[in-house]
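Here is the structure we will look at.
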Amino acid sequence: MYTNELEKVPKEASTVQGAQGVSLQWLIGDKQGAEHFYMRYVTIALGGVIPLHSHHWVHEIFVIKGQGEGRGGETPVVLKPGTFIFVPSNEEHTFRNTGNTALEMLCCMSKPET
């Protein structure tokens, strides 16, 4: 078993090209022994954005704090606490903070291809 606390996990900048004001905290991944599924905490600062992009892994996202908007394929979605989203592999998607506080989301995903 592995356990930790969110405030002890370092923040990293998003590597998505064009991302602004986005930090990631990798909660569970290779280092913790996860072989197939990862978990990360995503924070999008005021006015921040994860631009439209796609990749081969899936996302399962749960909004914890803040307000925003997103899109997967052609489907727009309002992001608020309690909203959850499934993004299939290869679907273009984007997320933007439209609120007045940070937008914080828990993101579970299949292991990214390197």
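Quick note on naming: the chains in the structure tokens go A, B, ... in the order shown, residues restart at 1 in each chain, and ligands are numbered from 1 in order of appearance.
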
Next item on the list: Can you list, as an MDAnalysis selection string, all residues belonging to region 31-114 of chain A that DSSP tags as strand (DSSP E or B)?
Entry: chainID A and resid 37:53 59:65 68:72 75:79 84:87 93:97 103:110

Per residue of region 62-103 of chain A within 12 Å of region 1-17 of chain A, note the shortest atom pair and the distance in Å to one decimal, counting only C-alpha atoms, and order the rows by chain and increasing residue number, as JSON lines.
{"residue": "A:His93", "atom": "CA", "partner": "A:Val16", "partner_atom": "CA", "distance": 11.6}
{"residue": "A:Thr94", "atom": "CA", "partner": "A:Val16", "partner_atom": "CA", "distance": 10.6}
{"residue": "A:Phe95", "atom": "CA", "partner": "A:Val16", "partner_atom": "CA", "distance": 11.8}

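The smallest atom-to-atom distance between Trp26 (chain A) and any of A:Asn97, A:Asn90, A:Gln67, A:Thr43, using only C-alpha atoms, is found for A:Thr43.
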
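The smallest atom-to-atom distance between Thr101 (chain A) and any of A:Lys65, A:His53, A:His59, A:Lys31, using only C-alpha atoms, is found for A:Lys65.
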
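Atom pair CA of Pro112 (chain A) / CA of Gly99 (chain A) has a distance of 29.2 Å (rounded to one decimal).
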
Note to self: Can you pull out the residues contacting Arg40 (chain A)? Cut-off 6 Å, using only C-alpha atoms, and skip same-chain residues under 3 positions away; I want them as a list in words.
What the structure shows: Gln25, Trp26, Leu27 and Cys107 of chain A

Notebook entry, point to check: So which residues touch Thr98 (chain A) within 7 Å, counting only C-alpha atoms, skipping near sequence neighbours fewer than 4 positions away, as a ChimeraX atom specification?
Noted result: /A:47,67-69

For those residues, write N, CA, C and O atoms to a file as a PDB file, in the first residue's frame.
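Saved as out-v7.pdb:
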ATOM      1  N   GLY A  47      -7.916  32.405 -15.130  1.00  0.00           N
ATOM      2  CA  GLY A  47      -7.640  32.691 -16.528  1.00  0.00           C
ATOM      3  C   GLY A  47      -6.834  31.626 -17.248  1.00  0.00           C
ATOM      4  O   GLY A  47      -6.524  31.777 -18.426  1.00  0.00           O
ATOM      5  N   GLN A  67     -14.732  26.969 -11.015  1.00  0.00           N
ATOM      6  CA  GLN A  67     -15.680  26.997 -12.132  1.00  0.00           C
ATOM      7  C   GLN A  67     -14.894  27.031 -13.431  1.00  0.00           C
ATOM      8  O   GLN A  67     -13.808  27.599 -13.491  1.00  0.00           O
ATOM      9  N   GLY A  68     -15.469  26.456 -14.465  1.00  0.00           N
ATOM     10  CA  GLY A  68     -14.792  26.495 -15.749  1.00  0.00           C
ATOM     11  C   GLY A  68     -15.676  25.965 -16.851  1.00  0.00           C
ATOM     12  O   GLY A  68     -16.867  25.710 -16.663  1.00  0.00           O
ATOM     13  N   GLU A  69     -15.051  25.810 -17.996  1.00  0.00           N
ATOM     14  CA  GLU A  69     -15.742  25.217 -19.128  1.00  0.00           C
ATOM     15  C   GLU A  69     -14.769  24.287 -19.820  1.00  0.00           C
ATOM     16  O   GLU A  69     -13.546  24.459 -19.751  1.00  0.00           O
TER      17      GLU A  69
END

Next item on the list: Find, counting only C-alpha atoms, the residue in A:Val63, A:Leu24, A:Ile50, A:Val87 that gets nearest to Leu103 (chain A).
Entry: A:Val63

Next item on the list: Write down as a VMD selection string the residues belonging to chain A that are assigned helix (DSSP H, G or I) by DSSP computed on the backbone.
Entry: chain A and resid 6 to 8 30 to 32

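CA of Gly48 (chain A) is positioned 21.3 Å from CA of Met109 (chain A).
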
Note to self: If we count only C-alpha atoms and set the cut-off at 9 Å, which residues sit around Ile61 (chain A), ignoring sequence neighbours fewer than 6 positions away in its own chain? Please answer as a PyMOL selection string.
What the structure shows: chain A and resi 83-87+105-109

Next item on the list: For Lys111 (chain A), please output as a PyMOL selection string all residues within 7 Å (counting only C-alpha atoms; exclusion window: fewer than 5 positions along the same chain).
Entry: chain A and resi 36-38+57

Notebook entry, point to check: Distance CA of Val49 (chain A)-CA of Val22 (chain A), one decimal place?
Noted result: 6.9 Å

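The closest residue to Phe62 (chain A), picked from A:Glu92, A:Gly82, A:Thr75, A:Gly29 and counting only C-alpha atoms, is A:Gly82.
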